[in-house]
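Asker: I'm passing along protein_1.txt; it holds compact mmCIF, C-alpha atoms and all ligand atoms.
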# COMPACT_ATOMS: atom_id res chain seq x y z
CA MET A 1 -12.35 2.21 -6.14
CA GLY A 2 -12.35 4.38 -3.03
CA CYS A 3 -15.63 5.36 -1.37
CA ARG A 4 -17.40 6.03 -4.68
CA GLY A 5 -16.23 2.70 -6.01
CA ARG A 6 -17.33 0.77 -2.92
CA LYS A 7 -20.77 2.36 -3.04
CA VAL A 8 -21.37 1.71 -6.73
CA VAL A 9 -20.11 -1.87 -6.43
CA THR A 10 -22.35 -2.50 -3.41
CA SER A 11 -25.44 -1.22 -5.27
CA PHE A 12 -24.54 -3.22 -8.38
CA VAL A 13 -23.90 -6.48 -6.52
CA ALA A 14 -27.25 -6.13 -4.72
CA LYS A 15 -28.93 -5.88 -8.14
CA VAL A 16 -27.19 -8.82 -9.85
CA ARG A 17 -26.23 -11.15 -6.98
CA LYS A 18 -28.85 -13.76 -7.85
CA GLU A 19 -27.74 -13.99 -11.50
CA TYR A 20 -24.21 -15.22 -10.73
CA GLU A 21 -22.77 -18.18 -8.87
CA LEU A 22 -19.49 -16.39 -8.27
CA ILE A 23 -18.58 -12.69 -8.09
CA ILE A 24 -14.89 -11.75 -8.01
CA ALA A 25 -13.57 -8.20 -7.53
CA ASN A 26 -10.05 -6.86 -7.46
CA ALA A 27 -10.17 -4.65 -4.38
CA GLU A 28 -6.59 -3.49 -4.00
CA ASN A 29 -7.57 0.19 -4.18
CA ALA A 30 -10.94 0.08 -2.41
CA SER A 31 -9.72 2.20 0.51
CA GLY A 32 -9.14 5.84 -0.39
CA GLY A 33 -8.23 4.88 -3.96
CA LEU A 34 -5.00 3.19 -2.90
CA GLY A 35 -4.74 0.03 -0.79
CA LEU A 36 -7.34 -1.99 1.08
CA ASN A 37 -7.92 -1.94 4.83
CA ALA A 38 -9.53 -4.71 6.88
CA LYS A 39 -12.79 -2.81 7.45
CA ASN A 40 -13.37 -2.21 3.74
CA ALA A 41 -12.40 -5.79 2.84
CA TRP A 42 -15.10 -7.10 5.19
CA GLU A 43 -17.56 -4.48 3.91
CA LEU A 44 -17.13 -5.72 0.31
CA LYS A 45 -17.36 -9.35 1.39
CA LYS A 46 -20.59 -8.66 3.25
CA ALA A 47 -21.93 -6.76 0.22
CA GLY A 48 -21.96 -10.09 -1.63
CA ILE A 49 -18.57 -10.37 -3.34
CA ASP A 50 -17.32 -13.94 -3.02
CA ILE A 51 -13.61 -13.52 -3.72
CA LEU A 52 -11.43 -10.40 -3.42
CA THR A 53 -8.23 -10.35 -5.46
CA SER A 54 -5.53 -7.71 -5.18
CA GLY A 55 -2.16 -6.51 -6.40
CA ASN A 56 0.82 -4.29 -5.71
CA HIS A 57 -1.07 -1.91 -3.37
CA ILE A 58 -2.39 -4.62 -1.05
CA TRP A 59 0.45 -4.01 1.41
CA LYS A 60 -0.44 -0.38 2.19
CA PHE A 61 -2.62 -0.99 5.29
CA LYS A 62 -1.11 -3.16 8.01
CA ASP A 63 -4.44 -4.47 9.30
CA ILE A 64 -5.10 -6.30 6.02
CA ILE A 65 -2.32 -8.79 6.85
CA LYS A 66 -4.42 -10.60 9.44
CA VAL A 67 -7.31 -10.85 6.98
CA LEU A 68 -4.96 -12.24 4.32
CA GLU A 69 -3.62 -14.77 6.80
CA THR A 70 -6.94 -15.98 8.16
CA GLU A 71 -9.55 -15.68 5.39
CA GLU A 72 -9.77 -17.86 2.30
CA TRP A 73 -11.83 -15.36 0.30
CA ILE A 74 -9.06 -12.78 -0.11
CA LEU A 75 -5.95 -13.19 -2.25
CA ARG A 76 -2.63 -11.45 -2.76
CA PRO A 77 -0.57 -12.16 -5.89
CA LEU A 78 0.79 -15.72 -5.83
CA ASN A 79 4.27 -14.72 -6.97
CA TYR A 80 5.22 -12.40 -4.06
CA PRO A 81 8.19 -13.95 -2.29
CA LEU A 82 7.82 -14.67 1.47
CA ALA A 83 4.41 -12.99 1.68
CA PRO A 84 1.62 -13.62 4.19
CA GLY A 85 -1.71 -14.87 2.87
CA ARG A 86 -2.48 -16.95 -0.20
CA GLY A 87 -2.30 -16.52 -3.96
CA PHE A 88 -5.07 -18.97 -4.86
CA THR A 89 -8.27 -20.35 -3.40
CA PHE A 90 -10.98 -22.86 -4.20
CA PHE A 91 -14.60 -21.75 -4.12
CA SER A 92 -17.57 -24.14 -3.89
CA LEU A 93 -20.10 -23.19 -6.54
CA PRO A 94 -23.69 -23.06 -5.24
CA GLN A 95 -24.95 -25.23 -8.11
CA GLY A 96 -22.20 -27.83 -7.80
CA GLY A 97 -18.49 -28.24 -8.29
CA GLU A 98 -15.54 -26.03 -7.41
CA ILE A 99 -13.71 -23.21 -9.11
CA LEU A 100 -10.08 -22.28 -8.59
CA VAL A 101 -9.20 -18.57 -8.45
CA ILE A 102 -5.57 -17.50 -8.86
CA ASN A 103 -4.10 -14.01 -8.42
CA LEU A 104 -0.83 -13.19 -10.25
CA GLN A 105 1.19 -10.02 -10.68
CA GLY A 106 3.26 -8.95 -13.66
CA ARG A 107 6.88 -7.76 -13.52
CA THR A 108 7.21 -5.46 -16.53
CA PHE A 109 7.41 -1.83 -15.24
CA MET A 110 6.58 -3.24 -11.78
CA GLU A 111 8.37 -4.68 -8.76
CA ALA A 112 10.73 -7.54 -9.72
CA ILE A 113 8.92 -10.27 -7.78
CA ASP A 114 9.00 -13.99 -8.71
CA CYS A 115 8.12 -15.03 -12.25
CA PRO A 116 4.32 -15.18 -12.70
CA PHE A 117 4.62 -17.52 -15.69
CA LEU A 118 6.69 -20.17 -13.87
CA GLY A 119 4.65 -19.64 -10.68
CA VAL A 120 1.29 -20.36 -12.28
CA ASP A 121 2.76 -23.19 -14.36
CA ARG A 122 4.03 -24.93 -11.21
CA LEU A 123 0.78 -24.34 -9.32
CA LEU A 124 -1.39 -25.79 -12.09
CA GLU A 125 0.86 -28.83 -12.29
CA GLU A 126 0.83 -29.32 -8.50
CA LEU A 127 -2.93 -28.94 -8.10
CA ASN A 128 -3.80 -30.89 -11.25
CA PHE A 129 -7.34 -29.47 -10.99
CA LYS A 130 -9.66 -30.30 -13.87
CA GLY A 131 -12.48 -27.81 -13.22
CA PRO A 132 -12.85 -24.07 -13.96
CA VAL A 133 -9.90 -21.77 -13.19
CA ILE A 134 -9.95 -17.97 -13.21
CA VAL A 135 -6.70 -15.98 -13.19
CA ASP A 136 -6.58 -12.30 -12.22
CA PHE A 137 -3.35 -11.08 -13.84
CA HIS A 138 -2.51 -7.78 -12.19
CA ALA A 139 0.00 -6.22 -14.56
CA GLU A 140 1.08 -2.98 -16.19
CA ALA A 141 2.22 -4.00 -19.68
CA THR A 142 -0.36 -5.20 -22.19
CA SER A 143 2.39 -7.32 -23.83
CA GLU A 144 2.89 -9.26 -20.60
CA LYS A 145 -0.88 -9.67 -20.18
CA VAL A 146 -1.46 -10.90 -23.73
CA ALA A 147 1.51 -13.27 -23.41
CA MET A 148 0.02 -14.69 -20.20
CA GLY A 149 -3.31 -15.15 -21.99
CA TYR A 150 -1.68 -17.28 -24.69
CA PHE A 151 0.57 -19.05 -22.14
CA LEU A 152 -2.51 -20.27 -20.27
CA ALA A 153 -4.86 -20.66 -23.24
CA GLY A 154 -6.59 -24.03 -23.11
CA ARG A 155 -5.46 -24.60 -19.52
CA VAL A 156 -7.61 -22.13 -17.56
CA SER A 157 -11.12 -20.69 -18.04
CA GLY A 158 -10.09 -17.05 -17.96
CA VAL A 159 -7.09 -14.72 -17.83
CA LEU A 160 -8.45 -11.35 -16.77
CA GLY A 161 -6.14 -8.35 -16.59
CA THR A 162 -6.34 -5.72 -13.86
CA HIS A 163 -4.24 -2.78 -12.55
CA THR A 164 -4.39 -0.25 -15.40
CA HIS A 165 -7.97 0.87 -14.59
CA VAL A 166 -9.10 1.49 -18.17
CA GLN A 167 -11.30 -1.22 -19.64
CA THR A 168 -9.83 -2.57 -22.87
CA ASN A 169 -11.84 -3.54 -25.93
CA ASP A 170 -10.11 -6.85 -26.57
CA CYS A 171 -12.15 -9.41 -24.66
CA ARG A 172 -12.27 -12.69 -26.57
CA ILE A 173 -11.99 -16.44 -26.15
CA LEU A 174 -8.54 -17.87 -26.87
CA ASP A 175 -8.23 -21.33 -28.46
CA GLY A 176 -12.01 -21.75 -28.06
CA PHE A 177 -11.48 -22.23 -24.31
CA THR A 178 -9.98 -19.32 -22.35
CA ALA A 179 -11.64 -15.94 -21.77
CA TYR A 180 -9.18 -13.09 -22.09
CA ILE A 181 -9.15 -9.33 -21.56
CA SER A 182 -6.14 -7.05 -21.08
CA ASP A 183 -7.93 -5.00 -18.43
CA VAL A 184 -11.34 -5.41 -16.85
CA GLY A 185 -11.40 -1.71 -15.94
CA MET A 186 -12.19 0.30 -12.85
CA CYS A 187 -15.18 0.68 -10.55
CA GLY A 188 -15.27 4.31 -9.49
CA PRO A 189 -15.91 7.91 -10.52
CA VAL A 190 -16.37 8.39 -14.27
CA GLU A 191 -15.08 11.98 -14.42
CA SER A 192 -11.63 11.21 -13.05
CA VAL A 193 -8.11 10.17 -13.92
CA LEU A 194 -8.03 6.55 -12.69
CA GLY A 195 -10.39 7.50 -9.85
CA MET A 196 -8.52 10.64 -8.77
CA GLU A 197 -9.57 14.27 -9.10
CA LYS A 198 -8.58 15.16 -12.67
CA GLY A 199 -7.31 18.73 -12.04
CA ILE A 200 -4.69 17.55 -9.58
CA ILE A 201 -3.37 14.91 -11.96
CA ILE A 202 -3.21 17.40 -14.84
CA GLU A 203 -1.28 19.76 -12.55
CA ARG A 204 1.13 16.97 -11.72
CA PHE A 205 1.81 16.32 -15.39
CA LEU A 206 2.27 20.04 -16.05
CA SER A 207 4.48 20.85 -13.08
CA LYS A 208 6.29 17.52 -12.69
CA ARG A 209 6.08 18.08 -8.93
CA PRO A 210 4.40 15.66 -6.50
CA GLN A 211 0.79 16.54 -5.66
CA LYS A 212 -1.51 15.26 -2.95
CA PHE A 213 -4.16 13.17 -4.72
CA ASP A 214 -7.84 13.54 -3.92
CA LEU A 215 -10.54 11.07 -4.87
CA ALA A 216 -12.83 12.34 -7.61
CA LYS A 217 -16.53 12.94 -6.94
CA GLY A 218 -19.61 12.57 -9.14
CA LYS A 219 -21.31 9.61 -10.77
CA ALA A 220 -19.56 6.29 -10.58
CA LYS A 221 -19.44 3.27 -12.86
CA VAL A 222 -18.85 -0.44 -12.53
CA CYS A 223 -16.60 -2.01 -15.17
CA GLY A 224 -16.85 -5.76 -15.22
CA LEU A 225 -17.06 -8.91 -17.26
CA SER A 226 -19.60 -11.69 -17.25
CA LEU A 227 -18.38 -15.22 -18.05
CA THR A 228 -20.32 -18.40 -18.76
CA ILE A 229 -18.16 -21.42 -17.97
CA ASP A 230 -18.77 -25.16 -18.27
CA ARG A 231 -18.38 -26.36 -14.69
CA LEU A 232 -17.08 -29.80 -15.71
CA THR A 233 -14.54 -28.97 -18.40
CA GLY A 234 -13.71 -25.39 -17.38
CA ARG A 235 -14.24 -24.16 -20.94
CA CYS A 236 -15.47 -20.58 -21.24
CA GLU A 237 -18.54 -20.53 -23.47
CA ASP A 238 -19.27 -16.82 -23.42
CA ILE A 239 -17.63 -13.56 -22.41
CA ALA A 240 -19.42 -10.21 -22.29
CA PHE A 241 -18.94 -6.78 -20.78
CA CYS A 242 -20.94 -6.24 -17.63
CA ASN A 243 -20.84 -2.51 -17.02
CA TRP A 244 -23.26 -0.35 -15.08
CA GLU A 245 -23.45 3.37 -14.25
CA GLU A 246 -25.39 4.64 -11.26
CA GLU A 247 -28.09 7.27 -11.78
CA ASN A 248 -27.27 9.46 -8.78
CA ASP A 249 -24.15 10.21 -6.77
CA SER A 250 -24.33 8.21 -3.58
CA CYS A 251 -21.23 9.20 -1.65
FE FE A 301 -2.25 -2.23 -8.98
Since I need it in another form, could you write the structure as structure tokens?
Ligand SMILES: [Fe+2]

Answerer:
Amino acid sequence: MGCRGRKVVTSFVAKVRKEYELIIANAENASGGLGLNAKNAWELKKAGIDILTSGNHIWKFKDIIKVLETEEWILRPLNYPLAPGRGFTFFSLPQGGEILVINLQGRTFMEAIDCPFLGVDRLLEELNFKGPVIVDFHAEATSEKVAMGYFLAGRVSGVLGTHTHVQTNDCRILDGFTAYISDVGMCGPVESVLGMEKGIIIERFLSKRPQKFDLAKGKAKVCGLSLTIDRLTGRCEDIAFCNWEEENDSC
């Protein structure tokens, strides 16, 4: 995300807010392209996003801890051991009923935190919630993401991958019930390498020396998904890309 991402998301949410009962965004890199500070978390919430999920970079700014501890609309991955904040939340849908949102993090090529499979399995059993459930699975390996999709197929409304920034072309409904995509994609500058200035990243690959990253400039894009879910059974009836590119640079 970064500044360009926050701006494009804010404009997009203002346009579509009335069409959706719930808007979820993974905001772990909304501040400077890496991490999320308290000010930007509140900014996104006030822009109309209902639930902010996160991932491995959520710990970068210290002032986010208080927000994680006190606010129900922001999540850190459920399977972090001994972490402040919460890994799931219930949201009251404006047109009736509740939805459960869960944030998980993968372990393949990532920090060896608690098992996301056993963690979500235990949580679902404990809560025994019969309504819609959305899982943001923040993970690196597509194998782990696909496996989680099938692990939860028929039990949750959606398993939506995040973290790798590039939107994948595999969104589908598993077992006629569960929306799945390996990665929802990034909201941020189009002409970039995962939101960063492309020349610097190329230089890093060429030289193999650390470089100071800069956020990319230029037009930004929202990558998202739109789900239609039966509020009583939790079954996903439709999944579609919901992408939007701004006409002018705004940051
Ligand atoms: Fe991440």

Asker: Output the neighbourhood of ligand FE 301 (chain A) as a PyMOL selection string, that is, all protein and nucleic acid residues with some atom at most 12 Å from the ligand, counting all atoms listed in the file.

Answerer: chain A and resi 1+26-30+33-36+53-60+76-77+103-107+109-111+136-141+161-165+183+185-186+194

Asker: List as an MDAnalysis selection string the protein and nucleic acid residues near Lys7 (chain A), meaning an atom at most 12 Å away when only C-alpha atoms are counted, but skip any in the same chain fewer than 2 places from it.

Answerer: chainID A and resid 1:5 9:14 30:31 40 43:44 47 187:189 218:222 245:246 248:251

Asker: Using all atoms listed in the file, I'd like a table of the residues in region 87-144 of chain A that come within 9 Å of region 223-232 of chain A; for each, show the closest atom pair and its distance in Å rounded to one decimal, ordered by chain and ascending number, as a Markdown table.

Answerer:
| residue | atom | partner | partner_atom | distance |
| --- | --- | --- | --- | --- |
| A:Leu93 | CA | A:Arg231 | CA | 8.9 |
| A:Gly96 | CA | A:Arg231 | CA | 8.0 |
| A:Gly97 | CA | A:Arg231 | CA | 6.7 |
| A:Glu98 | CA | A:Arg231 | CA | 7.8 |
| A:Ile99 | CA | A:Arg231 | CA | 7.9 |
| A:Lys130 | CA | A:Leu232 | CA | 7.7 |
| A:Gly131 | CA | A:Leu232 | CA | 5.6 |
| A:Pro132 | CA | A:Arg231 | CA | 6.0 |

Asker: May I ask for the distance between CA of Tyr80 (chain A) and CA of Arg122 (chain A), given in Å to one decimal place?

Answerer: 14.5 Å

Asker: Work out how far apart CA of Pro94 (chain A) and CA of Asn243 (chain A) are and give it in Å to one decimal.

Answerer: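 Going from CA of Pro94 (chain A) over to CA of Asn243 (chain A), I get 23.9 Å.
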
Asker: Just the residues within 9 Å of Glu197 (chain A), please, counting all atoms listed in the file, with nothing from its chain fewer than 5 positions along; format it as a PyMOL selection string.

Answerer: chain A and resi 191-192+213-217

Asker: CA of Ile24 (chain A) and CA of Trp42 (chain A), how far apart in Å?

Answerer: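 CA of Trp42 (chain A) sits 14.0 Å away from CA of Ile24 (chain A).
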
Asker: Name the closest residue to Gly234 (chain A) among the candidates A:Leu100, A:Leu174, A:Val120, A:Val190; distances are taken between atoms, counting all atoms listed in the file.

Answerer: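 So, comparing all the options, the nearest one is A:Leu100.
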
Asker: Which residue gives the smallest distance to Ile181 (chain A) among A:Ser92, A:Asn79, A:Asn128, A:Ser143, with all atoms listed in the file counted?

Answerer: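 Of all the options, A:Ser143 lies closest to Ile181 (chain A).
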
Asker: Closest to Asp238 (chain A) among A:Val193, A:Ile102, A:Cys171, A:Ile202, using all atoms listed in the file?

Answerer: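 Between A:Val193, A:Ile102, A:Cys171, A:Ile202, the residue approaching Asp238 (chain A) most closely is A:Cys171.
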
Asker: Identify which of the residues A:Val184, A:Phe61, A:Glu247, A:Val135 lies closest to Leu152 (chain A), counting all atoms listed in the file when measuring atom-to-atom distances.

Answerer: A:Val135

Asker: Looking at all atoms listed in the file, which of A:Ala83, A:Val166, A:Leu78, A:Leu68 is the one that sits closest to Leu123 (chain A)?

Answerer: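 Smallest separation from Leu123 (chain A) among the options: A:Leu78.
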
Asker: Can you sort out the box for region 22-30 of chain A, edges along x, y and z, all listed atoms in, 4 Å on every side, with centre and edge lengths in Å to one decimal, as JSON?

Answerer:
{"center_x": -13.0, "center_y": -8.1, "center_z": -5.3, "size_x": 20.9, "size_y": 24.6, "size_z": 13.9}

Asker: Give me the residues near Phe177 (chain A) as a list of chain:residue names, where near means some atom within 8 Å (using all atoms listed in the file) and where sequence neighbours in that chain fewer than 4 positions away do not count.

Answerer: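 Near Phe177 (chain A), the qualifying residues are A:Ala153, A:Gly154, A:Val156, A:Ser157, A:Ile173, A:Gly234, A:Arg235, A:Cys236, A:Glu237.
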
Asker: Using only C-alpha atoms, can you tell me which of A:Leu82, A:Asp121, A:Asn169, A:Glu71 comes closest to Phe241 (chain A)?

Answerer: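 Looking at the shortest contact to Phe241 (chain A), the residue is A:Asn169.
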